Every structure is written in structure tokens, then in C-alpha cells.
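Colleague: So I've got this file, final.cif, and it contains mmCIF, C-alpha atoms and all ligand atoms:
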data_structure
#
loop_
_atom_site.label_atom_id
_atom_site.label_comp_id
_atom_site.auth_asym_id
_atom_site.auth_seq_id
_atom_site.Cartn_x
_atom_site.Cartn_y
_atom_site.Cartn_z
CA MET C 1 97.56 101.77 62.26
CA ALA C 2 101.15 101.24 63.33
CA GLY C 3 102.13 98.16 65.25
CA ASN C 4 99.52 95.74 63.90
CA ARG C 5 100.71 92.22 64.25
CA ASN C 6 97.94 90.78 62.15
CA ILE C 7 97.09 91.74 58.61
CA LEU C 8 93.72 89.96 58.82
CA GLU C 9 91.48 89.15 61.76
CA ILE C 10 88.09 87.58 61.29
CA ARG C 11 85.85 87.14 64.31
CA GLU C 12 82.66 85.08 64.55
CA LEU C 13 81.81 85.68 60.90
CA VAL C 14 78.40 84.61 59.67
CA VAL C 15 77.66 84.87 55.93
CA GLN C 16 74.58 84.14 53.92
CA ALA C 17 74.28 83.76 50.14
CA GLY C 18 70.86 83.38 48.60
CA ASP C 19 68.84 82.03 51.51
CA LYS C 20 71.62 79.77 52.74
CA ARG C 21 73.90 80.36 55.72
CA ILE C 22 77.28 79.27 54.38
CA ILE C 23 79.75 80.61 56.92
CA ASP C 24 78.71 80.16 60.49
CA GLY C 25 80.87 81.58 63.25
CA LEU C 26 84.27 81.55 61.53
CA ASN C 27 87.43 82.83 63.22
CA LEU C 28 90.69 83.28 61.32
CA THR C 29 93.83 85.28 62.02
CA ILE C 30 96.68 85.84 59.56
CA PRO C 31 99.71 87.65 61.00
CA CYS C 32 101.59 90.17 58.86
CA GLY C 33 104.13 88.52 56.60
CA GLU C 34 102.48 85.10 56.68
CA VAL C 35 100.95 83.01 53.92
CA HIS C 36 98.33 80.49 54.97
CA ALA C 37 96.53 77.71 53.15
CA LEU C 38 92.80 77.11 53.36
CA LEU C 39 91.89 73.48 52.75
CA GLY C 40 88.51 71.82 52.75
CA PRO C 41 86.09 69.68 50.78
CA ASN C 42 84.06 71.07 47.90
CA GLY C 43 81.11 73.05 49.13
CA SER C 44 82.61 73.81 52.53
CA GLY C 45 82.54 77.59 51.92
CA LYS C 46 86.11 78.43 50.89
CA THR C 47 85.19 80.52 47.87
CA THR C 48 82.42 82.20 49.85
CA LEU C 49 84.96 83.24 52.48
CA MET C 50 87.30 84.73 49.87
CA MET C 51 84.54 86.63 48.10
CA THR C 52 83.26 87.92 51.45
CA ILE C 53 86.69 89.18 52.50
CA MET C 54 87.01 90.91 49.12
CA GLY C 55 83.58 92.47 49.62
CA PHE C 56 81.32 91.06 46.88
CA SER C 57 77.86 92.29 47.73
CA ASN C 58 75.95 89.07 47.02
CA TYR C 59 77.58 87.55 50.10
CA LYS C 60 75.74 89.04 53.02
CA ILE C 61 77.55 89.42 56.32
CA ILE C 62 74.93 88.86 59.00
CA GLY C 63 77.26 88.53 61.96
CA GLY C 64 80.83 89.08 63.13
CA ARG C 65 83.53 91.31 61.72
CA ILE C 66 86.50 91.46 59.40
CA VAL C 67 89.50 93.59 60.42
CA PHE C 68 92.24 94.34 57.89
CA LYS C 69 95.42 96.13 58.95
CA GLY C 70 93.69 97.15 62.16
CA ARG C 71 90.66 98.67 60.45
CA ASP C 72 87.17 97.20 60.57
CA ILE C 73 86.30 96.64 56.88
CA THR C 74 83.09 94.66 57.45
CA ASN C 75 80.98 97.36 55.81
CA LEU C 76 83.48 98.74 53.30
CA GLU C 77 82.83 98.64 49.55
CA ILE C 78 84.87 96.31 47.39
CA ASN C 79 86.84 99.13 45.73
CA GLU C 80 87.85 100.55 49.11
CA ARG C 81 89.08 97.13 50.17
CA ALA C 82 91.06 96.86 46.93
CA ARG C 83 92.58 100.27 47.62
CA MET C 84 93.65 99.05 51.06
CA GLY C 85 95.63 96.25 49.41
CA ILE C 86 93.32 93.23 49.13
CA ALA C 87 93.27 91.35 45.82
CA ILE C 88 92.03 88.00 44.56
CA ALA C 89 92.63 85.50 41.79
CA ARG C 90 89.38 83.68 41.07
CA GLN C 91 89.04 80.02 40.30
CA ARG C 92 87.15 80.63 37.08
CA PRO C 93 87.72 84.27 36.24
CA PRO C 94 85.53 85.93 33.64
CA THR C 95 86.81 87.12 30.27
CA ILE C 96 87.16 90.90 30.21
CA ASP C 97 86.23 91.87 26.67
CA GLY C 98 88.06 94.88 25.34
CA VAL C 99 90.62 95.03 28.14
CA ARG C 100 94.02 93.65 27.27
CA LEU C 101 96.77 92.56 29.64
CA ARG C 102 98.88 95.28 28.01
CA ASN C 103 96.32 97.91 29.18
CA ILE C 104 96.55 96.65 32.75
CA MET C 105 100.31 96.66 32.51
CA ALA C 106 100.39 100.29 31.26
CA TYR C 107 97.92 101.35 33.97
CA GLN C 108 100.05 99.91 36.78
CA ILE C 109 103.18 101.53 35.38
CA ASP C 110 101.37 104.90 35.00
CA ARG C 111 100.20 104.75 38.60
CA GLY C 112 103.74 104.01 39.69
CA ILE C 113 102.65 100.67 41.18
CA GLY C 114 105.20 98.68 39.25
CA ASP C 115 108.26 99.72 37.33
CA ALA C 116 108.27 98.77 33.66
CA GLU C 117 111.31 96.55 33.91
CA ARG C 118 109.98 94.48 36.76
CA ILE C 119 106.60 94.05 35.09
CA ALA C 120 108.21 92.99 31.81
CA ALA C 121 110.17 90.37 33.76
CA TYR C 122 106.93 89.06 35.28
CA VAL C 123 105.30 88.85 31.84
CA LYS C 124 108.22 86.77 30.65
CA LYS C 125 108.22 84.59 33.73
CA ALA C 126 104.49 83.94 33.32
CA GLY C 127 105.02 83.10 29.63
CA MET C 128 102.33 85.63 28.71
CA GLU C 129 104.13 87.64 26.01
CA GLU C 130 101.93 86.28 23.21
CA PHE C 131 98.72 87.04 25.13
CA LEU C 132 99.33 90.71 25.93
CA ASP C 133 97.10 91.99 23.13
CA ARG C 134 94.16 89.65 23.62
CA SER C 135 91.15 90.43 25.78
CA VAL C 136 91.99 89.32 29.31
CA ASN C 137 91.44 85.55 29.70
CA ALA C 138 89.82 85.19 26.23
CA GLY C 139 90.34 81.70 24.83
CA LEU C 140 93.00 80.70 27.34
CA SER C 141 93.54 77.13 28.56
CA GLY C 142 93.18 76.24 32.25
CA GLY C 143 96.88 76.65 32.98
CA GLU C 144 97.13 79.87 30.94
CA ILE C 145 94.22 81.42 32.84
CA LYS C 146 95.94 80.72 36.15
CA ARG C 147 99.16 82.29 34.87
CA SER C 148 97.22 85.28 33.56
CA GLU C 149 95.48 85.81 36.92
CA LEU C 150 98.76 85.51 38.81
CA LEU C 151 100.45 87.90 36.41
CA GLN C 152 97.72 90.48 37.05
CA LEU C 153 98.33 90.12 40.79
CA LEU C 154 102.08 90.42 40.30
CA MET C 155 101.52 93.64 38.35
CA MET C 156 99.34 95.04 41.14
CA SER C 157 101.65 93.89 43.90
CA PRO C 158 98.89 93.87 46.54
CA GLU C 159 99.64 93.63 50.25
CA PHE C 160 97.30 90.70 50.70
CA SER C 161 96.42 88.22 47.92
CA MET C 162 93.89 85.43 48.02
CA LEU C 163 94.16 82.69 45.40
CA ASP C 164 91.16 80.42 44.80
CA GLU C 165 92.26 76.95 43.70
CA PRO C 166 95.28 78.09 41.70
CA ASP C 167 95.97 74.42 40.92
CA SER C 168 92.59 73.50 39.45
CA GLY C 169 92.70 72.66 35.75
CA VAL C 170 96.50 72.84 35.73
CA ASP C 171 98.37 69.71 34.66
CA SER C 172 101.24 68.47 36.76
CA GLY C 173 103.94 69.83 34.43
CA ALA C 174 102.49 73.33 34.52
CA LEU C 175 101.97 73.17 38.28
CA ARG C 176 105.62 74.01 38.85
CA ASP C 177 105.34 77.24 36.80
CA VAL C 178 102.22 78.25 38.75
CA ARG C 179 103.99 77.51 42.02
CA GLU C 180 106.93 79.69 40.99
CA LEU C 181 104.64 82.59 40.12
CA ILE C 182 102.95 82.26 43.50
CA ASN C 183 106.33 82.27 45.21
CA SER C 184 107.19 85.50 43.33
CA LEU C 185 103.94 87.03 44.53
CA PHE C 186 104.69 86.20 48.14
CA THR C 187 108.24 87.37 47.92
CA LEU C 188 109.86 89.77 50.32
CA ASP C 189 107.88 92.91 50.87
CA ASP C 190 109.81 95.97 49.68
CA ASN C 191 108.38 98.03 52.52
CA HIS C 192 109.21 95.51 55.25
CA PRO C 193 112.51 93.86 54.38
CA ALA C 194 112.16 91.19 57.04
CA LYS C 195 108.75 90.05 55.85
CA ARG C 196 107.07 88.64 52.82
CA LYS C 197 103.71 89.66 51.47
CA ALA C 198 100.81 87.98 53.18
CA GLY C 199 98.10 85.86 51.65
CA LEU C 200 95.71 82.97 51.62
CA ILE C 201 95.92 80.06 49.18
CA ILE C 202 92.70 78.10 48.82
CA THR C 203 93.10 74.55 47.65
CA HIS C 204 90.88 71.50 47.75
CA SER C 205 93.52 69.04 46.54
CA GLY C 206 96.51 70.56 48.34
CA HIS C 207 98.71 69.89 45.28
CA ILE C 208 99.85 73.44 44.98
CA ILE C 209 101.09 73.79 48.54
CA ASP C 210 103.26 70.71 48.28
CA HIS C 211 106.85 71.97 48.07
CA MET C 212 105.83 75.47 49.12
CA SER C 213 106.90 77.02 52.35
CA LEU C 214 103.72 78.21 54.04
CA ASP C 215 103.24 79.29 57.61
CA LYS C 216 100.01 77.55 58.50
CA ALA C 217 97.10 75.58 57.03
CA HIS C 218 93.46 75.63 58.09
CA ILE C 219 90.76 73.11 57.28
CA MET C 220 87.33 74.51 56.61
CA HIS C 221 84.55 72.40 57.99
CA ARG C 222 80.84 73.21 58.11
CA GLY C 223 81.30 76.92 57.65
CA ARG C 224 84.07 77.31 60.23
CA ILE C 225 87.75 76.62 60.62
CA GLY C 226 87.73 73.05 61.90
CA CYS C 227 91.40 72.83 62.74
CA SER C 228 94.69 74.58 62.01
CA GLY C 229 98.33 73.64 62.13
CA HIS C 230 101.55 73.19 60.23
CA PRO C 231 100.78 72.65 56.52
CA ASN C 232 102.70 69.35 56.38
CA LEU C 233 100.78 68.00 59.34
CA MET C 234 97.43 69.03 57.88
CA MET C 235 98.27 67.52 54.47
CA ASP C 236 99.40 64.32 56.14
CA ARG C 237 96.10 64.05 58.01
CA ILE C 238 94.09 64.68 54.86
CA SER C 239 96.01 62.13 52.83
CA ARG C 240 95.54 59.51 55.56
CA PHE C 241 91.95 60.13 56.61
CA GLY C 242 90.43 62.25 53.83
CA TYR C 243 88.12 65.15 54.60
CA GLU C 244 85.61 62.57 55.92
CA GLY C 245 88.06 62.18 58.78
CA CYS C 246 87.16 65.74 59.85
CA ASP C 247 83.60 64.65 60.61
CA ARG C 248 84.82 61.89 62.92
CA CYS C 249 87.52 64.01 64.51
CA LEU C 250 85.37 67.07 65.05
CA GLY C 251 82.46 64.93 66.23
CA GLU C 252 79.80 66.39 64.00
CA VAL C 253 78.60 63.40 62.01
CA GLU C 254 75.03 63.92 60.92
N1 LIG C 301 75.29 82.71 45.73
C1 LIG C 301 74.96 81.58 46.36
N2 LIG C 301 73.66 81.28 46.62
C2 LIG C 301 73.33 80.14 47.27
N3 LIG C 301 74.21 79.20 47.66
C3 LIG C 301 75.50 79.42 47.40
C4 LIG C 301 75.96 80.62 46.74
N4 LIG C 301 77.30 80.57 46.64
C5 LIG C 301 77.67 79.39 47.20
N5 LIG C 301 76.59 78.72 47.65
C6 LIG C 301 76.61 77.40 48.32
O1 LIG C 301 77.43 77.51 49.47
C7 LIG C 301 78.17 76.33 49.67
C8 LIG C 301 79.66 76.67 49.72
O2 LIG C 301 80.09 77.05 48.42
P1 LIG C 301 81.56 77.52 48.12
O3 LIG C 301 81.88 78.69 48.96
O4 LIG C 301 81.66 77.69 46.65
O5 LIG C 301 82.42 76.28 48.62
P2 LIG C 301 83.87 75.78 48.22
O6 LIG C 301 84.60 76.92 47.57
O7 LIG C 301 84.49 75.34 49.50
O8 LIG C 301 83.69 74.62 47.28
C9 LIG C 301 77.79 75.39 48.56
O9 LIG C 301 76.79 74.52 49.05
C10 LIG C 301 77.24 76.31 47.50
O10 LIG C 301 76.29 75.67 46.69
MG MG C 302 85.47 77.04 45.68
#
Can I see the file as C-alpha cells?

Modeller:
Amino acid sequence: MAGNRNILEIRELVVQAGDKRIIDGLNLTIPCGEVHALLGPNGSGKTTLMMTIMGFSNYKIIGGRIVFKGRDITNLEINERARMGIAIARQRPPTIDGVRLRNIMAYQIDRGIGDAERIAAYVKKAGMEEFLDRSVNAGLSGGEIKRSELLQLLMMSPEFSMLDEPDSGVDSGALRDVRELINSLFTLDDNHPAKRKAGLIITHSGHIIDHMSLDKAHIMHRGRIGCSGHPNLMMDRISRFGYEGCDRCLGEVE
């Protein structure tokens, strides 16, 4: 739909996994061309939100709706959402036996998604040359897995990427490389020269968003967005008061 200002709009979302209600009345809007951070303590539902937006069927939407590029995708299958331009990098991605990074690379080039030269440059930038002929993610270290996941996203060049804890298991030296790959992913959008690609970066520690230029940060709290604001302001609050401060501030101490 032409003229959408927002790439993602989530209204009053309620999600259940197993017999537990994990997301409970969540609202979130990401305008086109913006990259937001999602912060929050462990267990607050960040991964659940990402998997729900992607469309994994074990997360049951029992209320609310998800609108992507102006279309209600609440009941769409995961592959249809992927086709619309949604992609994820998981915190602990599975090994894909028998599929090599080189296969994925060839597939994207065949489909005309990426040109060979650009993809080869990404492989080099990600330092993944020596891993092209291994099964995807097989035997990789924490930092290598993150680079491999980001490389796969770079090859796909999705319109909207969600990254789940791209800094977890990455030592401080390698953090800079991961940050650079993320910046490449959210680079200017070829189709909209004034904008960059949109996305959501999930991080518990906030390390990865330090020194990144993001548009907004949200703190997840008890299955909803507790508060939102400039990333520097949010990080400052968290470093001073911790996530426990959210309970006091939002007045929901049990
Ligand atoms: N498939 C599931 N079945 C039951 N409970 C789940 C499931 N997935 C997640 N949970 C629970 O939901 C809560 C939020 O988990 P998660 O979304 O992984 O949080 P976060 O990513 O913020 O750490 C946790 O208490 C977790 O144990
Ligand atoms: Mg998580």
C-alpha cells in the first residue's frame, strides 16, 4: 500500500506459549526507515515477540493484531511473512545440516536478490570465507555464529530485520565487527534513497547499541512496552537504576 508511514504496527497484542500468557496488550510502532532497540530483562518476552512477528506457530496470538507495510499479517504463515520482507537472526540458531553458506549465496544470486560482487564483499567483511563450505552454523564459536547469521541476512537484504541478542556470546573485541555488519544491514535502502532499512535489535545488555545510531529504544516490561525514548536516555536509565527500576517507575511491584 502506497504512503505507509509505518513499516510495523502492533496493536494490543496478546500471545500465549504453552499455557502461559507471555505478551499481554503490547503496542509498538516502527516507522519506515527506522531502527529501534528492544531492551528488557531476561524472561520479559523479547524473543517471544520476535518469533510472533515472524510467525512461528507455537506462539499463539490470542488478541490484537500485527500490521506490516499496511497489511494485517496476524494470520499469515511464516513463509508469506518472509516473502513480504521480514527476516530474523536468532539468538541461538540451529545448525542446518547439509546446507552450506555457499548454497544460500548461490540461491540469492540466482533469484537476483543480491549481485555476486556485493555478496562476495559481505562474505569478506563478515570474515566467513573459510566457512562457506561447512554446514550452516556447524561447529562455529559464539562470535562466528553471530557473523554467520548476519551474513545470511545481508545476502537476503530483507526490508525488515529483527536481531535477537546479536551481542550475546560475543567478546568485546569481536563486538565491533558485529556492530559493523549490523550497520551494513541497516544501510541506505536502494529503493528509497532517503531512508535506511528498518529493523528491531533485541538486547538485554545494551552493549551492541552503544555507539550505534538508532532511532528509538523500548523497554519491555511484563509483556508490554513499559517505556520508550531516545536510546541514550533509555540506556542511561538502565545503567543507573537497572531493570528493577522499571518496577518502581511503572508502579507494578508485586
Ligand atoms: N514455548 C514456551 N512455552 C512456555 N513458556 C515459554 C515459551 N517460550 C517462552 N516462554 C516463557 O516466556 C517468558 C518470556 O520468554 P522470552 O520471550 O524468551 O523472554 P526474553 O527473550 O525476554 O528473555 C519466559 O518466562 C519463558 O520461560
Ligand atoms: Mg530472549

Colleague: Could you list, as a list in words, every residue within 10 Å of Ser57 (chain C), counting all atoms listed in the file and ignoring same-chain residues fewer than 6 positions away?

Modeller: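 Here the answer would be Ala17, Met51, Glu77 and Ile78 of chain C.
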
Colleague: Hey, which residues come within 12 Å of ligand LIG 301 (chain C) if we count all atoms listed in the file? Could you give them as a ChimeraX atom specification?

Modeller: /C:15-24,38-52,56-60,90-92,163-165,168,201-205,219-225,243

Colleague: Calculated over all atoms listed in the file, which of the candidates C:Ala89, C:Gly199, C:His207, C:Ile182 has the smallest distance to ligand MG 302 (chain C)?

Modeller: C:Ala89

Colleague: Check the smallest atom-to-atom distance from each of C:Asp167, C:Asp215, C:Glu180, C:Asp115 to ligand MG 302 (chain C) using all atoms listed in the file, then report the winner.

Modeller: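 Closest candidate: C:Asp167.
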
Colleague: Pick out the residues sitting within 9 Å of region 123-134 of chain C, and hand them over as a PyMOL selection string; count only C-alpha atoms, and ignore anything fewer than 6 positions along from it in its own chain.

Modeller: chain C and resi 97-103+105+140+144+147-148+150-151+155+177-178+180-181

Colleague: Which residue out of C:Ile208, C:Pro166, C:Ile109, C:Leu185 has the minimum interatomic distance to ligand MG 302 (chain C) when all atoms listed in the file are used?

Modeller: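 For ligand MG 302 (chain C), the nearest of the candidates is C:Pro166.
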
Colleague: Specify the axis-aligned box that encloses all atoms of region 57-60 of chain C listed in the file after padding of 8 Å on each side, stating its centre and edge lengths in Å to one decimal as JSON.

Modeller:
{"center_x": 76.8, "center_y": 89.9, "center_z": 50.0, "size_x": 18.1, "size_y": 20.7, "size_z": 22.0}

Colleague: Kindly give the distance, in Å, that separates CA of Ser141 (chain C) and CA of Arg176 (chain C), rounded to a single decimal.

Modeller: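 Those two atoms sit 16.2 Å apart.
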